[in-house]
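S.K.: To be precise about what I am sending: the file is called entry29.cif and holds mmCIF, C-alpha atoms.
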```cif
data_model
#
loop_
_atom_site.group_PDB
_atom_site.id
_atom_site.type_symbol
_atom_site.label_atom_id
_atom_site.label_comp_id
_atom_site.auth_asym_id
_atom_site.auth_seq_id
_atom_site.Cartn_x
_atom_site.Cartn_y
_atom_site.Cartn_z
ATOM 1 C CA MET A 1 0.000 0.000 0.000
ATOM 2 C CA ALA A 2 1.073 3.567 -0.535
ATOM 3 C CA GLU A 3 1.389 6.080 2.258
ATOM 4 C CA LEU A 4 -1.498 8.554 2.564
ATOM 5 C CA SER A 5 -0.847 12.265 2.412
ATOM 6 C CA LEU A 6 -2.769 14.841 4.427
ATOM 7 C CA ALA A 7 -3.486 18.526 3.975
ATOM 8 C CA PRO A 8 -1.755 20.709 6.573
ATOM 9 C CA ASP A 9 -5.019 21.672 8.300
ATOM 10 C CA GLN A 10 -6.035 18.003 8.550
ATOM 11 C CA CYS A 11 -2.659 17.158 10.017
ATOM 12 C CA LEU A 12 -2.962 19.900 12.646
ATOM 13 C CA ALA A 13 -6.464 18.764 13.614
ATOM 14 C CA LEU A 14 -5.284 15.163 13.950
ATOM 15 C CA ARG A 15 -2.302 16.227 16.050
ATOM 16 C CA ALA A 16 -4.664 18.017 18.409
ATOM 17 C CA ARG A 17 -6.874 14.925 18.679
ATOM 18 C CA SER A 18 -3.880 12.669 19.298
ATOM 19 C CA HIS A 19 -2.695 14.490 22.432
ATOM 20 C CA LEU A 20 -5.207 12.658 24.609
ATOM 21 C CA LEU A 21 -4.448 9.222 23.172
ATOM 22 C CA ASP A 22 -2.347 6.599 24.868
ATOM 23 C CA PRO A 23 -0.104 4.309 22.807
ATOM 24 C CA VAL A 24 -2.061 1.214 21.749
ATOM 25 C CA VAL A 25 0.902 -0.692 20.319
ATOM 26 C CA LEU A 26 4.340 -0.967 21.880
ATOM 27 C CA LEU A 27 7.261 -2.116 19.739
ATOM 28 C CA GLY A 28 9.562 -4.457 21.612
ATOM 29 C CA ALA A 29 12.909 -6.046 20.907
ATOM 30 C CA ALA A 30 11.500 -7.918 17.885
ATOM 31 C CA GLY A 31 10.854 -4.606 16.124
ATOM 32 C CA LEU A 32 8.437 -4.533 13.200
ATOM 33 C CA SER A 33 7.180 -8.102 13.104
ATOM 34 C CA GLU A 34 4.133 -9.416 11.279
ATOM 35 C CA ALA A 35 2.238 -9.503 14.588
ATOM 36 C CA VAL A 36 2.971 -5.800 15.167
ATOM 37 C CA PHE A 37 1.673 -4.896 11.704
ATOM 38 C CA LYS A 38 -1.507 -6.917 12.314
ATOM 39 C CA GLU A 39 -2.092 -5.190 15.652
ATOM 40 C CA ILE A 40 -1.539 -1.691 14.230
ATOM 41 C CA ASP A 41 -3.819 -2.561 11.286
ATOM 42 C CA ARG A 42 -6.533 -3.747 13.686
ATOM 43 C CA ALA A 43 -6.226 -0.551 15.730
ATOM 44 C CA LEU A 44 -6.376 1.638 12.597
ATOM 45 C CA ASN A 45 -9.492 -0.211 11.385
ATOM 46 C CA SER A 46 -11.298 0.376 14.661
ATOM 47 C CA HIS A 47 -9.992 3.802 15.719
ATOM 48 C CA GLY A 48 -8.537 5.497 12.650
ATOM 49 C CA LEU A 49 -6.006 7.475 14.702
ATOM 50 C CA VAL A 50 -3.472 5.497 16.739
ATOM 51 C CA LYS A 51 -0.371 6.168 18.738
ATOM 52 C CA VAL A 52 2.530 3.692 18.615
ATOM 53 C CA ARG A 53 5.529 3.695 20.925
ATOM 54 C CA ALA A 54 8.858 2.229 19.877
ATOM 55 C CA GLY A 55 11.376 0.925 22.360
ATOM 56 C CA ARG A 56 14.771 2.466 22.750
ATOM 57 C CA THR A 57 15.931 2.953 19.188
ATOM 58 C CA GLU A 58 18.311 5.282 17.425
ATOM 59 C CA ARG A 59 16.958 8.332 15.614
ATOM 60 C CA ALA A 60 17.708 6.985 12.122
ATOM 61 C CA ASP A 61 16.037 3.691 12.996
ATOM 62 C CA ARG A 62 12.944 5.506 14.340
ATOM 63 C CA ASP A 63 12.536 7.468 11.103
ATOM 64 C CA GLU A 64 12.814 4.278 9.059
ATOM 65 C CA ILE A 65 10.340 2.453 11.319
ATOM 66 C CA PHE A 66 7.825 5.319 11.003
ATOM 67 C CA ARG A 67 8.118 5.408 7.193
ATOM 68 C CA THR A 68 7.846 1.627 6.920
ATOM 69 C CA MET A 69 4.748 1.447 9.146
ATOM 70 C CA ALA A 70 2.957 4.155 7.159
ATOM 71 C CA ALA A 71 3.857 2.669 3.780
ATOM 72 C CA GLN A 72 2.956 -0.935 4.610
ATOM 73 C CA LEU A 73 -0.325 -0.039 6.317
ATOM 74 C CA GLY A 74 -1.461 2.637 3.853
ATOM 75 C CA ALA A 75 -1.613 5.201 6.646
ATOM 76 C CA ALA A 76 -0.552 8.813 6.971
ATOM 77 C CA ARG A 77 2.269 9.892 9.243
ATOM 78 C CA VAL A 78 0.785 12.543 11.523
ATOM 79 C CA GLN A 79 3.471 13.149 14.119
ATOM 80 C CA ALA A 80 6.641 11.694 15.595
ATOM 81 C CA ILE A 81 7.863 12.851 18.973
ATOM 82 C CA GLY A 82 10.760 10.910 20.428
ATOM 83 C CA ASN A 83 9.825 7.235 20.441
ATOM 84 C CA THR A 84 6.109 7.888 19.890
ATOM 85 C CA PHE A 85 4.464 7.903 16.460
ATOM 86 C CA VAL A 86 0.935 8.889 15.455
ATOM 87 C CA LEU A 87 -0.650 7.237 12.407
ATOM 88 C CA PHE A 88 -3.979 7.975 10.711
ATOM 89 C CA ARG A 89 -6.044 6.019 8.242
ATOM 90 C CA PRO A 90 -9.743 6.650 7.609
ATOM 91 C CA ILE A 91 -11.942 3.954 9.096
ATOM 92 C CA PRO A 92 -13.292 1.726 6.294
ATOM 93 C CA GLY A 93 -16.968 2.301 5.555
ATOM 94 C CA THR A 94 -17.137 5.804 6.993
ATOM 95 C CA VAL A 95 -17.403 9.099 5.171
ATOM 96 C CA PRO A 96 -14.379 11.327 5.849
ATOM 97 C CA GLN A 97 -15.303 14.524 7.658
ATOM 98 C CA GLN A 98 -13.697 17.905 7.245
ATOM 99 C CA PRO A 99 -12.044 18.917 10.528
ATOM 100 C CA ALA A 100 -13.898 21.729 12.241
ATOM 101 C CA ALA A 101 -11.941 24.809 13.184
ATOM 102 C CA ALA A 102 -10.894 24.556 16.799
ATOM 103 C CA LYS A 103 -12.525 27.223 18.905
ATOM 104 C CA HIS A 104 -12.025 27.834 22.557
ATOM 105 C CA PRO A 105 -15.312 27.974 24.450
ATOM 106 C CA GLY A 106 -14.609 31.415 25.895
ATOM 107 C CA ALA A 107 -13.299 32.964 22.694
ATOM 108 C CA ALA A 108 -15.646 35.092 20.613
ATOM 109 C CA SER A 109 -14.943 36.255 17.109
ATOM 110 C CA LYS A 110 -13.535 39.757 16.827
ATOM 111 C CA GLY A 111 -16.088 42.519 16.679
ATOM 112 C CA ALA A 112 -19.025 40.280 17.555
ATOM 113 C CA ALA A 113 -20.661 40.862 20.900
ATOM 114 C CA LYS A 114 -22.313 38.045 22.778
ATOM 115 C CA PRO A 115 -26.106 38.052 22.838
ATOM 116 C CA ALA A 116 -27.655 39.293 26.094
ATOM 117 C CA ALA A 117 -28.762 35.786 27.034
ATOM 118 C CA GLU A 118 -25.149 34.541 26.965
ATOM 119 C CA ARG A 119 -23.684 37.405 28.978
ATOM 120 C CA SER A 120 -23.477 36.955 32.684
ATOM 121 C CA ALA A 121 -23.226 39.516 35.420
ATOM 122 C CA PRO A 122 -19.878 39.774 37.169
ATOM 123 C CA ARG A 123 -19.640 37.515 40.180
ATOM 124 C CA MET A 124 -19.256 39.171 43.531
ATOM 125 C CA ARG A 125 -17.114 37.461 46.114
ATOM 126 C CA SER A 126 -18.664 36.844 49.455
ATOM 127 C CA ASN A 127 -16.860 36.830 52.774
ATOM 128 C CA ALA A 128 -19.492 34.577 54.293
ATOM 129 C CA GLY A 129 -17.912 31.543 55.816
ATOM 130 C CA THR A 130 -14.477 33.110 56.307
ATOM 131 C CA LYS A 131 -13.196 34.064 59.703
ATOM 132 C CA ARG A 132 -11.848 37.505 60.243
ATOM 133 C CA ARG A 133 -8.683 37.707 62.213
ATOM 134 C CA ALA A 134 -8.581 39.881 65.256
ATOM 135 C CA PRO A 135 -6.392 43.000 64.925
ATOM 136 C CA ARG A 136 -3.041 42.803 66.643
#
```
Go ahead and render the structure in this file as structure tokens.

M.R.:
Amino acid sequence: MAELSLAPDQCLALRARSHLLDPVVLLGAAGLSEAVFKEIDRALNSHGLVKVRAGRTERADRDEIFRTMAAQLGAARVQAIGNTFVLFRPIPGTVPQQPAAAKHPGAASKGAAKPAAERSAPRMRSNAGTKRRAPR
């Protein structure tokens, strides 16, 4: 299979999604065995976005491992940080979605005011429940 390529905005969205993931496949001393490829393929078929951790390997070996995994599995290389790789392949039978622009819940677009229903009055702090210290 050939390696997938992603648009830059897709890659950024996938990187953001991958931060919360834990590695689902750990490469051991055997390296890239047939069993490892089957396990990564299974994870890509069920999740689409997976994180793989390699054992202690040299930098040149890590780059080669990452390229080989992506090429053999028909996946896209999303990110490589240290010994951790992130791979993406669309889940078979699903329609690919365009990534939505990431918005922070508190951020409003410039120049647009919030509707009155969404605005809240400033909160006042209460001293109820706190003990006042006696003056010295």

S.K.: So how many Å separate CA of Leu73 in chain A and CA of Leu21 in chain A, to one decimal?

M.R.: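 These atoms are spaced 19.7 Å apart.
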
S.K.: Show me, as a list in words, the residues that have an atom within 9 Å of range 28-31 of chain A when counting only C-alpha atoms, minus same-chain residues fewer than 4 positions from it.

M.R.: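 Everything that qualifies: Val36, Ala54, Gly55, Arg56 and Ile65 of chain A.
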
S.K.: Write a file of the just-selected residues containing C-alpha atoms, as a short mmCIF file (atom, residue, chain, number, x, y, z; two decimals), keeping the file's coordinate frame.

M.R.:
```
data_model
loop_
_atom_site.label_atom_id
_atom_site.label_comp_id
_atom_site.auth_asym_id
_atom_site.auth_seq_id
_atom_site.Cartn_x
_atom_site.Cartn_y
_atom_site.Cartn_z
CA VAL A 36 2.97 -5.80 15.17
CA ALA A 54 8.86 2.23 19.88
CA GLY A 55 11.38 0.92 22.36
CA ARG A 56 14.77 2.47 22.75
CA ILE A 65 10.34 2.45 11.32
#
```

S.K.: Smallest atom-to-atom distance to Ala71 in chain A: which of A:Arg42, A:His19, A:Arg133, A:Arg89, using only C-alpha atoms?

M.R.: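 Nearest candidate to Ala71 in chain A out of A:Arg42, A:His19, A:Arg133, A:Arg89: A:Arg89.
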
S.K.: Quick one: residues within 9 Å of Met69 in chain A, only C-alpha atoms, excluding same-chain residues fewer than 4 positions away - as a ChimeraX atom specification?

M.R.: /A:3,32,37,40,64-65,73-75,77,87

S.K.: Need the shell around Ser18 in chain A: protein/DNA/RNA residues with any atom at most 12 Å away, counting only C-alpha atoms. Skip same-chain ones fewer than 4 positions apart. Format as a list of chain:residue names?

M.R.: A:Cys11, A:Leu12, A:Ala13, A:Leu14, A:Asp22, A:Pro23, A:Val24, A:His47, A:Gly48, A:Leu49, A:Val50, A:Lys51, A:Val52, A:Val78, A:Gln79, A:Ala80, A:Ile81, A:Thr84, A:Phe85, A:Val86, A:Leu87, A:Phe88

S.K.: Return the single residue from A:Arg15, A:Ala7, A:Val25, A:Asn83 that is closest to Asp61 in chain A, with distances computed using all atoms listed in the file.

M.R.: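 For Asp61 in chain A, the nearest of the given residues is A:Asn83.
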
S.K.: Counting all atoms listed in the file, figure out which residue out of A:Ala16, A:Ala70, A:Leu44, A:Ala76 gets nearest to Pro92 in chain A.

M.R.: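 Using all atoms listed in the file, the shortest distance to Pro92 in chain A belongs to A:Leu44.
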
S.K.: CA of Pro8 in chain A and CA of Pro90 in chain A, how far apart in Å?

M.R.: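 Those two atoms sit 16.2 Å apart.
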
S.K.: Find the distance between CA of Asn45 in chain A and CA of Glu58 in chain A and write it in Å to one decimal.

M.R.: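 Atom-to-atom, CA of Asn45 in chain A to CA of Glu58 in chain A, that is 29.0 Å.
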
S.K.: Rank nothing, just name the residue among A:Gln10, A:Gln72, A:Thr94, A:Ser5 nearest to Ser33 in chain A, using only C-alpha atoms.

M.R.: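 For Ser33 in chain A, the nearest of the candidates is A:Gln72.
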